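S.K.: File follows, final_28.pdb with PDB, N, CA and C atoms:
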ATOM      1  N   MET A   1      46.333  -2.849  23.844  1.00  0.00           N
ATOM      2  CA  MET A   1      45.144  -3.672  23.914  1.00  0.00           C
ATOM      3  C   MET A   1      45.466  -5.071  23.402  1.00  0.00           C
ATOM      4  N   LEU A   2      44.901  -6.054  24.058  1.00  0.00           N
ATOM      5  CA  LEU A   2      45.103  -7.435  23.636  1.00  0.00           C
ATOM      6  C   LEU A   2      44.130  -7.799  22.529  1.00  0.00           C
ATOM      7  N   LYS A   3      44.607  -8.622  21.584  1.00  0.00           N
ATOM      8  CA  LYS A   3      43.781  -9.065  20.470  1.00  0.00           C
ATOM      9  C   LYS A   3      43.574 -10.569  20.550  1.00  0.00           C
ATOM     10  N   ILE A   4      42.475 -11.029  19.960  1.00  0.00           N
ATOM     11  CA  ILE A   4      42.217 -12.453  19.825  1.00  0.00           C
ATOM     12  C   ILE A   4      42.754 -12.853  18.452  1.00  0.00           C
ATOM     13  N   ASP A   5      43.744 -13.717  18.432  1.00  0.00           N
ATOM     14  CA  ASP A   5      44.399 -14.105  17.182  1.00  0.00           C
ATOM     15  C   ASP A   5      43.401 -14.658  16.171  1.00  0.00           C
ATOM     16  N   GLY A   6      43.526 -14.189  14.940  1.00  0.00           N
ATOM     17  CA  GLY A   6      42.744 -14.716  13.842  1.00  0.00           C
ATOM     18  C   GLY A   6      41.348 -14.170  13.698  1.00  0.00           C
ATOM     19  N   HIS A   7      40.996 -13.166  14.498  1.00  0.00           N
ATOM     20  CA  HIS A   7      39.628 -12.665  14.458  1.00  0.00           C
ATOM     21  C   HIS A   7      39.559 -11.140  14.354  1.00  0.00           C
ATOM     22  N   ASP A   8      40.521 -10.550  13.656  1.00  0.00           N
ATOM     23  CA  ASP A   8      40.524  -9.095  13.491  1.00  0.00           C
ATOM     24  C   ASP A   8      39.243  -8.598  12.830  1.00  0.00           C
ATOM     25  N   ASN A   9      38.662  -9.404  11.945  1.00  0.00           N
ATOM     26  CA  ASN A   9      37.432  -8.991  11.267  1.00  0.00           C
ATOM     27  C   ASN A   9      36.227  -8.929  12.206  1.00  0.00           C
ATOM     28  N   ALA A  10      36.358  -9.434  13.426  1.00  0.00           N
ATOM     29  CA  ALA A  10      35.268  -9.417  14.394  1.00  0.00           C
ATOM     30  C   ALA A  10      35.348  -8.227  15.358  1.00  0.00           C
ATOM     31  N   ILE A  11      36.366  -7.395  15.226  1.00  0.00           N
ATOM     32  CA  ILE A  11      36.528  -6.254  16.137  1.00  0.00           C
ATOM     33  C   ILE A  11      35.445  -5.214  15.855  1.00  0.00           C
ATOM     34  N   LEU A  12      34.712  -4.871  16.918  1.00  0.00           N
ATOM     35  CA  LEU A  12      33.700  -3.811  16.832  1.00  0.00           C
ATOM     36  C   LEU A  12      34.308  -2.454  17.157  1.00  0.00           C
ATOM     37  N   GLY A  13      35.304  -2.450  18.022  1.00  0.00           N
ATOM     38  CA  GLY A  13      35.960  -1.208  18.401  1.00  0.00           C
ATOM     39  C   GLY A  13      36.500  -1.293  19.817  1.00  0.00           C
ATOM     40  N   PRO A  14      37.042  -0.190  20.306  1.00  0.00           N
ATOM     41  CA  PRO A  14      37.585  -0.159  21.663  1.00  0.00           C
ATOM     42  C   PRO A  14      36.514   0.240  22.680  1.00  0.00           C
ATOM     43  N   ALA A  15      36.788  -0.110  23.930  1.00  0.00           N
ATOM     44  CA  ALA A  15      35.921   0.313  25.039  1.00  0.00           C
ATOM     45  C   ALA A  15      36.802   0.630  26.243  1.00  0.00           C
ATOM     46  N   MET A  16      36.370   1.575  27.016  1.00  0.00           N
ATOM     47  CA  MET A  16      37.026   1.877  28.288  1.00  0.00           C
ATOM     48  C   MET A  16      36.163   1.241  29.371  1.00  0.00           C
ATOM     49  N   ILE A  17      36.769   0.379  30.177  1.00  0.00           N
ATOM     50  CA  ILE A  17      36.018  -0.308  31.234  1.00  0.00           C
ATOM     51  C   ILE A  17      36.759  -0.158  32.556  1.00  0.00           C
ATOM     52  N   TRP A  18      36.056  -0.462  33.635  1.00  0.00           N
ATOM     53  CA  TRP A  18      36.608  -0.374  34.979  1.00  0.00           C
ATOM     54  C   TRP A  18      37.066  -1.770  35.393  1.00  0.00           C
ATOM     55  N   ARG A  19      38.367  -1.942  35.588  1.00  0.00           N
ATOM     56  CA  ARG A  19      38.933  -3.214  36.053  1.00  0.00           C
ATOM     57  C   ARG A  19      40.059  -2.922  37.012  1.00  0.00           C
ATOM     58  N   ASP A  20      40.094  -3.691  38.067  1.00  0.00           N
ATOM     59  CA  ASP A  20      41.179  -3.575  39.046  1.00  0.00           C
ATOM     60  C   ASP A  20      41.362  -2.139  39.534  1.00  0.00           C
ATOM     61  N   ASN A  21      40.237  -1.479  39.833  1.00  0.00           N
ATOM     62  CA  ASN A  21      40.236  -0.130  40.406  1.00  0.00           C
ATOM     63  C   ASN A  21      40.802   0.954  39.502  1.00  0.00           C
ATOM     64  N   THR A  22      40.758   0.731  38.200  1.00  0.00           N
ATOM     65  CA  THR A  22      41.199   1.746  37.251  1.00  0.00           C
ATOM     66  C   THR A  22      40.475   1.514  35.924  1.00  0.00           C
ATOM     67  N   THR A  23      40.513   2.500  35.044  1.00  0.00           N
ATOM     68  CA  THR A  23      39.922   2.295  33.718  1.00  0.00           C
ATOM     69  C   THR A  23      41.006   1.819  32.764  1.00  0.00           C
ATOM     70  N   VAL A  24      40.636   0.884  31.921  1.00  0.00           N
ATOM     71  CA  VAL A  24      41.570   0.331  30.940  1.00  0.00           C
ATOM     72  C   VAL A  24      40.865   0.253  29.597  1.00  0.00           C
ATOM     73  N   GLY A  25      41.657   0.300  28.546  1.00  0.00           N
ATOM     74  CA  GLY A  25      41.125   0.138  27.202  1.00  0.00           C
ATOM     75  C   GLY A  25      41.157  -1.327  26.797  1.00  0.00           C
ATOM     76  N   VAL A  26      40.051  -1.802  26.251  1.00  0.00           N
ATOM     77  CA  VAL A  26      39.968  -3.183  25.763  1.00  0.00           C
ATOM     78  C   VAL A  26      39.303  -3.180  24.392  1.00  0.00           C
ATOM     79  N   LEU A  27      39.532  -4.236  23.634  1.00  0.00           N
ATOM     80  CA  LEU A  27      38.848  -4.399  22.362  1.00  0.00           C
ATOM     81  C   LEU A  27      37.546  -5.157  22.576  1.00  0.00           C
ATOM     82  N   VAL A  28      36.541  -4.808  21.781  1.00  0.00           N
ATOM     83  CA  VAL A  28      35.239  -5.475  21.836  1.00  0.00           C
ATOM     84  C   VAL A  28      35.067  -6.240  20.531  1.00  0.00           C
ATOM     85  N   TYR A  29      34.694  -7.517  20.656  1.00  0.00           N
ATOM     86  CA  TYR A  29      34.536  -8.396  19.507  1.00  0.00           C
ATOM     87  C   TYR A  29      33.087  -8.838  19.348  1.00  0.00           C
ATOM     88  N   ASP A  30      32.669  -9.024  18.101  1.00  0.00           N
ATOM     89  CA  ASP A  30      31.349  -9.555  17.773  1.00  0.00           C
ATOM     90  C   ASP A  30      31.445 -11.076  17.814  1.00  0.00           C
ATOM     91  N   ALA A  31      30.746 -11.695  18.772  1.00  0.00           N
ATOM     92  CA  ALA A  31      30.815 -13.139  18.959  1.00  0.00           C
ATOM     93  C   ALA A  31      30.312 -13.901  17.738  1.00  0.00           C
ATOM     94  N   GLU A  32      29.303 -13.364  17.053  1.00  0.00           N
ATOM     95  CA  GLU A  32      28.761 -14.065  15.882  1.00  0.00           C
ATOM     96  C   GLU A  32      29.762 -14.099  14.727  1.00  0.00           C
ATOM     97  N   VAL A  33      30.578 -13.068  14.594  1.00  0.00           N
ATOM     98  CA  VAL A  33      31.606 -13.073  13.552  1.00  0.00           C
ATOM     99  C   VAL A  33      32.687 -14.085  13.912  1.00  0.00           C
ATOM    100  N   ILE A  34      33.056 -14.158  15.188  1.00  0.00           N
ATOM    101  CA  ILE A  34      34.016 -15.178  15.620  1.00  0.00           C
ATOM    102  C   ILE A  34      33.452 -16.565  15.338  1.00  0.00           C
ATOM    103  N   ARG A  35      32.167 -16.768  15.641  1.00  0.00           N
ATOM    104  CA  ARG A  35      31.549 -18.065  15.382  1.00  0.00           C
ATOM    105  C   ARG A  35      31.615 -18.386  13.886  1.00  0.00           C
ATOM    106  N   ALA A  36      31.305 -17.414  13.032  1.00  0.00           N
ATOM    107  CA  ALA A  36      31.365 -17.626  11.586  1.00  0.00           C
ATOM    108  C   ALA A  36      32.792 -17.974  11.153  1.00  0.00           C
ATOM    109  N   ASN A  37      33.783 -17.317  11.730  1.00  0.00           N
ATOM    110  CA  ASN A  37      35.175 -17.631  11.418  1.00  0.00           C
ATOM    111  C   ASN A  37      35.495 -19.086  11.757  1.00  0.00           C
ATOM    112  N   LEU A  38      35.057 -19.520  12.930  1.00  0.00           N
ATOM    113  CA  LEU A  38      35.326 -20.892  13.361  1.00  0.00           C
ATOM    114  C   LEU A  38      34.589 -21.906  12.484  1.00  0.00           C
ATOM    115  N   MET A  39      33.394 -21.543  12.054  1.00  0.00           N
ATOM    116  CA  MET A  39      32.638 -22.435  11.176  1.00  0.00           C
ATOM    117  C   MET A  39      33.316 -22.561   9.817  1.00  0.00           C
ATOM    118  N   LYS A  40      33.950 -21.489   9.344  1.00  0.00           N
ATOM    119  CA  LYS A  40      34.705 -21.553   8.086  1.00  0.00           C
ATOM    120  C   LYS A  40      35.890 -22.502   8.210  1.00  0.00           C
ATOM    121  N   GLU A  41      36.374 -22.675   9.449  1.00  0.00           N
ATOM    122  CA  GLU A  41      37.492 -23.580   9.706  1.00  0.00           C
ATOM    123  C   GLU A  41      37.026 -25.024   9.905  1.00  0.00           C
ATOM    124  N   GLY A  42      35.697 -25.253   9.856  1.00  0.00           N
ATOM    125  CA  GLY A  42      35.197 -26.621   9.925  1.00  0.00           C
ATOM    126  C   GLY A  42      34.342 -26.977  11.121  1.00  0.00           C
ATOM    127  N   MET A  43      34.185 -26.079  12.084  1.00  0.00           N
ATOM    128  CA  MET A  43      33.325 -26.379  13.230  1.00  0.00           C
ATOM    129  C   MET A  43      31.868 -26.178  12.855  1.00  0.00           C
ATOM    130  N   ASP A  44      30.969 -26.933  13.515  1.00  0.00           N
ATOM    131  CA  ASP A  44      29.558 -26.622  13.342  1.00  0.00           C
ATOM    132  C   ASP A  44      29.194 -25.513  14.323  1.00  0.00           C
ATOM    133  N   SER A  45      28.000 -24.977  14.208  1.00  0.00           N
ATOM    134  CA  SER A  45      27.590 -23.809  14.990  1.00  0.00           C
ATOM    135  C   SER A  45      27.673 -24.052  16.498  1.00  0.00           C
ATOM    136  N   GLU A  46      27.211 -25.203  16.933  1.00  0.00           N
ATOM    137  CA  GLU A  46      27.214 -25.511  18.372  1.00  0.00           C
ATOM    138  C   GLU A  46      28.633 -25.668  18.903  1.00  0.00           C
ATOM    139  N   ASP A  47      29.479 -26.358  18.156  1.00  0.00           N
ATOM    140  CA  ASP A  47      30.880 -26.515  18.589  1.00  0.00           C
ATOM    141  C   ASP A  47      31.597 -25.170  18.627  1.00  0.00           C
ATOM    142  N   ALA A  48      31.305 -24.311  17.658  1.00  0.00           N
ATOM    143  CA  ALA A  48      31.925 -22.993  17.628  1.00  0.00           C
ATOM    144  C   ALA A  48      31.495 -22.173  18.843  1.00  0.00           C
ATOM    145  N   ARG A  49      30.198 -22.226  19.182  1.00  0.00           N
ATOM    146  CA  ARG A  49      29.705 -21.492  20.358  1.00  0.00           C
ATOM    147  C   ARG A  49      30.388 -22.011  21.625  1.00  0.00           C
ATOM    148  N   GLU A  50      30.471 -23.324  21.742  1.00  0.00           N
ATOM    149  CA  GLU A  50      31.111 -23.921  22.910  1.00  0.00           C
ATOM    150  C   GLU A  50      32.594 -23.535  22.982  1.00  0.00           C
ATOM    151  N   TYR A  51      33.264 -23.523  21.841  1.00  0.00           N
ATOM    152  CA  TYR A  51      34.669 -23.126  21.805  1.00  0.00           C
ATOM    153  C   TYR A  51      34.830 -21.694  22.309  1.00  0.00           C
ATOM    154  N   ILE A  52      33.972 -20.804  21.839  1.00  0.00           N
ATOM    155  CA  ILE A  52      34.033 -19.403  22.268  1.00  0.00           C
ATOM    156  C   ILE A  52      33.814 -19.299  23.775  1.00  0.00           C
ATOM    157  N   GLU A  53      32.789 -19.985  24.280  1.00  0.00           N
ATOM    158  CA  GLU A  53      32.464 -19.897  25.709  1.00  0.00           C
ATOM    159  C   GLU A  53      33.604 -20.387  26.594  1.00  0.00           C
ATOM    160  N   PHE A  54      34.219 -21.509  26.249  1.00  0.00           N
ATOM    161  CA  PHE A  54      35.227 -22.098  27.117  1.00  0.00           C
ATOM    162  C   PHE A  54      36.639 -21.585  26.855  1.00  0.00           C
ATOM    163  N   ASN A  55      36.980 -21.321  25.603  1.00  0.00           N
ATOM    164  CA  ASN A  55      38.365 -20.974  25.276  1.00  0.00           C
ATOM    165  C   ASN A  55      38.624 -19.494  25.092  1.00  0.00           C
ATOM    166  N   ILE A  56      37.589 -18.717  24.853  1.00  0.00           N
ATOM    167  CA  ILE A  56      37.792 -17.278  24.672  1.00  0.00           C
ATOM    168  C   ILE A  56      37.162 -16.515  25.831  1.00  0.00           C
ATOM    169  N   GLU A  57      35.859 -16.689  26.037  1.00  0.00           N
ATOM    170  CA  GLU A  57      35.204 -15.991  27.151  1.00  0.00           C
ATOM    171  C   GLU A  57      35.762 -16.432  28.494  1.00  0.00           C
ATOM    172  N   GLY A  58      36.143 -17.690  28.604  1.00  0.00           N
ATOM    173  CA  GLY A  58      36.627 -18.224  29.867  1.00  0.00           C
ATOM    174  C   GLY A  58      38.088 -17.935  30.145  1.00  0.00           C
ATOM    175  N   ALA A  59      38.759 -17.252  29.245  1.00  0.00           N
ATOM    176  CA  ALA A  59      40.187 -16.978  29.412  1.00  0.00           C
ATOM    177  C   ALA A  59      40.399 -15.544  29.878  1.00  0.00           C
ATOM    178  N   TYR A  60      40.746 -15.384  31.139  1.00  0.00           N
ATOM    179  CA  TYR A  60      41.112 -14.061  31.651  1.00  0.00           C
ATOM    180  C   TYR A  60      42.617 -13.943  31.555  1.00  0.00           C
ATOM    181  N   VAL A  61      43.090 -12.977  30.779  1.00  0.00           N
ATOM    182  CA  VAL A  61      44.528 -12.807  30.575  1.00  0.00           C
ATOM    183  C   VAL A  61      44.998 -11.438  31.077  1.00  0.00           C
ATOM    184  N   GLY A  62      44.354 -10.980  32.122  1.00  0.00           N
ATOM    185  CA  GLY A  62      44.735  -9.708  32.700  1.00  0.00           C
ATOM    186  C   GLY A  62      43.698  -8.634  32.441  1.00  0.00           C
ATOM    187  N   PRO A  63      43.966  -7.427  32.934  1.00  0.00           N
ATOM    188  CA  PRO A  63      42.981  -6.352  32.853  1.00  0.00           C
ATOM    189  C   PRO A  63      42.621  -5.915  31.436  1.00  0.00           C
ATOM    190  N   HIS A  64      43.436  -6.254  30.467  1.00  0.00           N
ATOM    191  CA  HIS A  64      43.149  -5.852  29.088  1.00  0.00           C
ATOM    192  C   HIS A  64      42.490  -6.970  28.278  1.00  0.00           C
ATOM    193  N   THR A  65      41.928  -7.971  28.979  1.00  0.00           N
ATOM    194  CA  THR A  65      41.227  -9.068  28.317  1.00  0.00           C
ATOM    195  C   THR A  65      40.082  -8.495  27.478  1.00  0.00           C
ATOM    196  N   PRO A  66      39.993  -8.884  26.210  1.00  0.00           N
ATOM    197  CA  PRO A  66      38.931  -8.371  25.348  1.00  0.00           C
ATOM    198  C   PRO A  66      37.529  -8.758  25.826  1.00  0.00           C
ATOM    199  N   ILE A  67      36.560  -8.010  25.356  1.00  0.00           N
ATOM    200  CA  ILE A  67      35.149  -8.269  25.635  1.00  0.00           C
ATOM    201  C   ILE A  67      34.545  -8.961  24.416  1.00  0.00           C
ATOM    202  N   ILE A  68      33.743  -9.994  24.666  1.00  0.00           N
ATOM    203  CA  ILE A  68      33.027 -10.699  23.602  1.00  0.00           C
ATOM    204  C   ILE A  68      31.564 -10.304  23.721  1.00  0.00           C
ATOM    205  N   LEU A  69      30.994  -9.778  22.636  1.00  0.00           N
ATOM    206  CA  LEU A  69      29.621  -9.279  22.650  1.00  0.00           C
ATOM    207  C   LEU A  69      28.702 -10.199  21.857  1.00  0.00           C
ATOM    208  N   TRP A  70      27.685 -10.737  22.538  1.00  0.00           N
ATOM    209  CA  TRP A  70      26.610 -11.490  21.884  1.00  0.00           C
ATOM    210  C   TRP A  70      25.436 -10.532  21.794  1.00  0.00           C
ATOM    211  N   GLN A  71      25.084 -10.102  20.594  1.00  0.00           N
ATOM    212  CA  GLN A  71      23.989  -9.149  20.439  1.00  0.00           C
ATOM    213  C   GLN A  71      22.654  -9.811  20.761  1.00  0.00           C
ATOM    214  N   CYS A  72      21.777  -9.050  21.402  1.00  0.00           N
ATOM    215  CA  CYS A  72      20.437  -9.527  21.728  1.00  0.00           C
ATOM    216  C   CYS A  72      19.534  -8.312  21.947  1.00  0.00           C
ATOM    217  N   THR A  73      18.272  -8.586  22.148  1.00  0.00           N
ATOM    218  CA  THR A  73      17.309  -7.510  22.365  1.00  0.00           C
ATOM    219  C   THR A  73      17.153  -7.236  23.855  1.00  0.00           C
ATOM    220  N   LEU A  74      16.557  -6.099  24.175  1.00  0.00           N
ATOM    221  CA  LEU A  74      16.270  -5.777  25.566  1.00  0.00           C
ATOM    222  C   LEU A  74      15.347  -6.829  26.173  1.00  0.00           C
ATOM    223  N   GLU A  75      14.413  -7.307  25.391  1.00  0.00           N
ATOM    224  CA  GLU A  75      13.497  -8.341  25.883  1.00  0.00           C
ATOM    225  C   GLU A  75      14.255  -9.615  26.254  1.00  0.00           C
ATOM    226  N   ASP A  76      15.238  -9.987  25.438  1.00  0.00           N
ATOM    227  CA  ASP A  76      16.057 -11.163  25.749  1.00  0.00           C
ATOM    228  C   ASP A  76      16.780 -10.979  27.082  1.00  0.00           C
ATOM    229  N   ILE A  77      17.316  -9.795  27.299  1.00  0.00           N
ATOM    230  CA  ILE A  77      18.038  -9.509  28.540  1.00  0.00           C
ATOM    231  C   ILE A  77      17.092  -9.559  29.727  1.00  0.00           C
ATOM    232  N   GLU A  78      15.941  -8.915  29.598  1.00  0.00           N
ATOM    233  CA  GLU A  78      14.978  -8.894  30.702  1.00  0.00           C
ATOM    234  C   GLU A  78      14.507 -10.310  31.041  1.00  0.00           C
ATOM    235  N   GLU A  79      14.299 -11.135  30.019  1.00  0.00           N
ATOM    236  CA  GLU A  79      13.862 -12.512  30.256  1.00  0.00           C
ATOM    237  C   GLU A  79      14.944 -13.327  30.934  1.00  0.00           C
ATOM    238  N   ARG A  80      16.168 -13.163  30.476  1.00  0.00           N
ATOM    239  CA  ARG A  80      17.274 -13.953  31.025  1.00  0.00           C
ATOM    240  C   ARG A  80      17.615 -13.565  32.456  1.00  0.00           C
ATOM    241  N   TYR A  81      17.525 -12.274  32.773  1.00  0.00           N
ATOM    242  CA  TYR A  81      17.950 -11.807  34.085  1.00  0.00           C
ATOM    243  C   TYR A  81      16.787 -11.377  34.982  1.00  0.00           C
ATOM    244  N   ALA A  82      15.592 -11.874  34.686  1.00  0.00           N
ATOM    245  CA  ALA A  82      14.429 -11.548  35.521  1.00  0.00           C
ATOM    246  C   ALA A  82      14.599 -12.144  36.907  1.00  0.00           C
ATOM    247  N   ASP A  83      14.104 -11.461  37.890  1.00  0.00           N
ATOM    248  CA  ASP A  83      14.211 -11.947  39.289  1.00  0.00           C
ATOM    249  C   ASP A  83      13.421 -13.169  39.521  1.00  0.00           C
TER     250      ASP A  83
END
Take the structure I supplied and represent it as structure tokens, if you would.
M.R.:
Amino acid sequence: MLKIDGHDNAILGPAMIWRDNTTVGVLVYDAEVIRANLMKEGMDSEDAREYIEFNIEGAYVGPHTPIILWQCTLEDIEERYAD
């Protein structure tokens, strides 16, 4: 499984997902913990979120690319993805 350097404390656990016509194991990370890590390094909250979106979420490094999880409620999901 691939890891995101410097963010071991953000690992939630492993997941089996379907990629490239097979199941693969990937690590799942808590995005808010990654954001907190980046803020400890001097970024503000907005810059940290932007960094995660463009440099981590936007980086596909093969079928074992980790998953970044932003926790939210069912209502948030329904509102965001409403038809």
S.K.: When DSSP is applied to the backbone of this structure, which of chain A are assigned strand (DSSP E)? Write them out as an NGL selection string.
M.R.: :A and (11-19 or 22-30 or 67-69)
S.K.: Could you give me the residues within chain A that DSSP places in helix (DSSP H, G or I), as a PyMOL selection string?
M.R.: chain A and resi 8-10+31-40+45-57+74-80
S.K.: Mind pulling up the distance from CA of Pro66 (chain A) to CA of Tyr29 (chain A)?
M.R.: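 Computing the Euclidean distance for CA of Tyr29 (chain A) and CA of Pro66 (chain A) yields 7.3 Å.
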S.K.: Convert the output of the PyMOL selection byres ((chain A and resi 30-42) around 7) on the shown file into explicit residues, formatted as a ChimeraX atom specification.
M.R.: /A:7,9-12,28-29,43-45,48-49,67-71
S.K.: Go ahead and save the picked residues with N, CA and C atoms, as an mmCIF file, in the coordinates of the input.
M.R.:
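Just written: result29.cif:
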data_model
loop_
_atom_site.group_PDB
_atom_site.id
_atom_site.type_symbol
_atom_site.label_atom_id
_atom_site.label_comp_id
_atom_site.auth_asym_id
_atom_site.auth_seq_id
_atom_site.Cartn_x
_atom_site.Cartn_y
_atom_site.Cartn_z
ATOM 1 N N HIS A 7 40.996 -13.166 14.498
ATOM 2 C CA HIS A 7 39.628 -12.665 14.458
ATOM 3 C C HIS A 7 39.559 -11.140 14.354
ATOM 4 N N ASN A 9 38.662 -9.404 11.945
ATOM 5 C CA ASN A 9 37.432 -8.991 11.267
ATOM 6 C C ASN A 9 36.227 -8.929 12.206
ATOM 7 N N ALA A 10 36.358 -9.434 13.426
ATOM 8 C CA ALA A 10 35.268 -9.417 14.394
ATOM 9 C C ALA A 10 35.348 -8.227 15.358
ATOM 10 N N ILE A 11 36.366 -7.395 15.226
ATOM 11 C CA ILE A 11 36.528 -6.254 16.137
ATOM 12 C C ILE A 11 35.445 -5.214 15.855
ATOM 13 N N LEU A 12 34.712 -4.871 16.918
ATOM 14 C CA LEU A 12 33.700 -3.811 16.832
ATOM 15 C C LEU A 12 34.308 -2.454 17.157
ATOM 16 N N VAL A 28 36.541 -4.808 21.781
ATOM 17 C CA VAL A 28 35.239 -5.475 21.836
ATOM 18 C C VAL A 28 35.067 -6.240 20.531
ATOM 19 N N TYR A 29 34.694 -7.517 20.656
ATOM 20 C CA TYR A 29 34.536 -8.396 19.507
ATOM 21 C C TYR A 29 33.087 -8.838 19.348
ATOM 22 N N MET A 43 34.185 -26.079 12.084
ATOM 23 C CA MET A 43 33.325 -26.379 13.230
ATOM 24 C C MET A 43 31.868 -26.178 12.855
ATOM 25 N N ASP A 44 30.969 -26.933 13.515
ATOM 26 C CA ASP A 44 29.558 -26.622 13.342
ATOM 27 C C ASP A 44 29.194 -25.513 14.323
ATOM 28 N N SER A 45 28.000 -24.977 14.208
ATOM 29 C CA SER A 45 27.590 -23.809 14.990
ATOM 30 C C SER A 45 27.673 -24.052 16.498
ATOM 31 N N ALA A 48 31.305 -24.311 17.658
ATOM 32 C CA ALA A 48 31.925 -22.993 17.628
ATOM 33 C C ALA A 48 31.495 -22.173 18.843
ATOM 34 N N ARG A 49 30.198 -22.226 19.182
ATOM 35 C CA ARG A 49 29.705 -21.492 20.358
ATOM 36 C C ARG A 49 30.388 -22.011 21.625
ATOM 37 N N ILE A 67 36.560 -8.010 25.356
ATOM 38 C CA ILE A 67 35.149 -8.269 25.635
ATOM 39 C C ILE A 67 34.545 -8.961 24.416
ATOM 40 N N ILE A 68 33.743 -9.994 24.666
ATOM 41 C CA ILE A 68 33.027 -10.699 23.602
ATOM 42 C C ILE A 68 31.564 -10.304 23.721
ATOM 43 N N LEU A 69 30.994 -9.778 22.636
ATOM 44 C CA LEU A 69 29.621 -9.279 22.650
ATOM 45 C C LEU A 69 28.702 -10.199 21.857
ATOM 46 N N TRP A 70 27.685 -10.737 22.538
ATOM 47 C CA TRP A 70 26.610 -11.490 21.884
ATOM 48 C C TRP A 70 25.436 -10.532 21.794
ATOM 49 N N GLN A 71 25.084 -10.102 20.594
ATOM 50 C CA GLN A 71 23.989 -9.149 20.439
ATOM 51 C C GLN A 71 22.654 -9.811 20.761
#
S.K.: Convert the output of the PyMOL selection byres (((chain A and resi 21-27 and name CA) around 8) and name CA) on the shown file into explicit residues, formatted as a PDB file with N, CA and C atoms, keeping the file's coordinate frame.
M.R.:
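Below is the file that was written, selection31.pdb:
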ATOM      1  N   MET A   1      46.333  -2.849  23.844  1.00  0.00           N
ATOM      2  CA  MET A   1      45.144  -3.672  23.914  1.00  0.00           C
ATOM      3  C   MET A   1      45.466  -5.071  23.402  1.00  0.00           C
ATOM      4  N   LEU A   2      44.901  -6.054  24.058  1.00  0.00           N
ATOM      5  CA  LEU A   2      45.103  -7.435  23.636  1.00  0.00           C
ATOM      6  C   LEU A   2      44.130  -7.799  22.529  1.00  0.00           C
ATOM      7  N   LYS A   3      44.607  -8.622  21.584  1.00  0.00           N
ATOM      8  CA  LYS A   3      43.781  -9.065  20.470  1.00  0.00           C
ATOM      9  C   LYS A   3      43.574 -10.569  20.550  1.00  0.00           C
ATOM     10  N   ILE A  11      36.366  -7.395  15.226  1.00  0.00           N
ATOM     11  CA  ILE A  11      36.528  -6.254  16.137  1.00  0.00           C
ATOM     12  C   ILE A  11      35.445  -5.214  15.855  1.00  0.00           C
ATOM     13  N   LEU A  12      34.712  -4.871  16.918  1.00  0.00           N
ATOM     14  CA  LEU A  12      33.700  -3.811  16.832  1.00  0.00           C
ATOM     15  C   LEU A  12      34.308  -2.454  17.157  1.00  0.00           C
ATOM     16  N   GLY A  13      35.304  -2.450  18.022  1.00  0.00           N
ATOM     17  CA  GLY A  13      35.960  -1.208  18.401  1.00  0.00           C
ATOM     18  C   GLY A  13      36.500  -1.293  19.817  1.00  0.00           C
ATOM     19  N   PRO A  14      37.042  -0.190  20.306  1.00  0.00           N
ATOM     20  CA  PRO A  14      37.585  -0.159  21.663  1.00  0.00           C
ATOM     21  C   PRO A  14      36.514   0.240  22.680  1.00  0.00           C
ATOM     22  N   ALA A  15      36.788  -0.110  23.930  1.00  0.00           N
ATOM     23  CA  ALA A  15      35.921   0.313  25.039  1.00  0.00           C
ATOM     24  C   ALA A  15      36.802   0.630  26.243  1.00  0.00           C
ATOM     25  N   MET A  16      36.370   1.575  27.016  1.00  0.00           N
ATOM     26  CA  MET A  16      37.026   1.877  28.288  1.00  0.00           C
ATOM     27  C   MET A  16      36.163   1.241  29.371  1.00  0.00           C
ATOM     28  N   ILE A  17      36.769   0.379  30.177  1.00  0.00           N
ATOM     29  CA  ILE A  17      36.018  -0.308  31.234  1.00  0.00           C
ATOM     30  C   ILE A  17      36.759  -0.158  32.556  1.00  0.00           C
ATOM     31  N   TRP A  18      36.056  -0.462  33.635  1.00  0.00           N
ATOM     32  CA  TRP A  18      36.608  -0.374  34.979  1.00  0.00           C
ATOM     33  C   TRP A  18      37.066  -1.770  35.393  1.00  0.00           C
ATOM     34  N   ARG A  19      38.367  -1.942  35.588  1.00  0.00           N
ATOM     35  CA  ARG A  19      38.933  -3.214  36.053  1.00  0.00           C
ATOM     36  C   ARG A  19      40.059  -2.922  37.012  1.00  0.00           C
ATOM     37  N   ASP A  20      40.094  -3.691  38.067  1.00  0.00           N
ATOM     38  CA  ASP A  20      41.179  -3.575  39.046  1.00  0.00           C
ATOM     39  C   ASP A  20      41.362  -2.139  39.534  1.00  0.00           C
ATOM     40  N   VAL A  28      36.541  -4.808  21.781  1.00  0.00           N
ATOM     41  CA  VAL A  28      35.239  -5.475  21.836  1.00  0.00           C
ATOM     42  C   VAL A  28      35.067  -6.240  20.531  1.00  0.00           C
ATOM     43  N   TYR A  29      34.694  -7.517  20.656  1.00  0.00           N
ATOM     44  CA  TYR A  29      34.536  -8.396  19.507  1.00  0.00           C
ATOM     45  C   TYR A  29      33.087  -8.838  19.348  1.00  0.00           C
ATOM     46  N   PRO A  63      43.966  -7.427  32.934  1.00  0.00           N
ATOM     47  CA  PRO A  63      42.981  -6.352  32.853  1.00  0.00           C
ATOM     48  C   PRO A  63      42.621  -5.915  31.436  1.00  0.00           C
ATOM     49  N   HIS A  64      43.436  -6.254  30.467  1.00  0.00           N
ATOM     50  CA  HIS A  64      43.149  -5.852  29.088  1.00  0.00           C
ATOM     51  C   HIS A  64      42.490  -6.970  28.278  1.00  0.00           C
ATOM     52  N   THR A  65      41.928  -7.971  28.979  1.00  0.00           N
ATOM     53  CA  THR A  65      41.227  -9.068  28.317  1.00  0.00           C
ATOM     54  C   THR A  65      40.082  -8.495  27.478  1.00  0.00           C
ATOM     55  N   PRO A  66      39.993  -8.884  26.210  1.00  0.00           N
ATOM     56  CA  PRO A  66      38.931  -8.371  25.348  1.00  0.00           C
ATOM     57  C   PRO A  66      37.529  -8.758  25.826  1.00  0.00           C
ATOM     58  N   ILE A  67      36.560  -8.010  25.356  1.00  0.00           N
ATOM     59  CA  ILE A  67      35.149  -8.269  25.635  1.00  0.00           C
ATOM     60  C   ILE A  67      34.545  -8.961  24.416  1.00  0.00           C
TER      61      ILE A  67
END
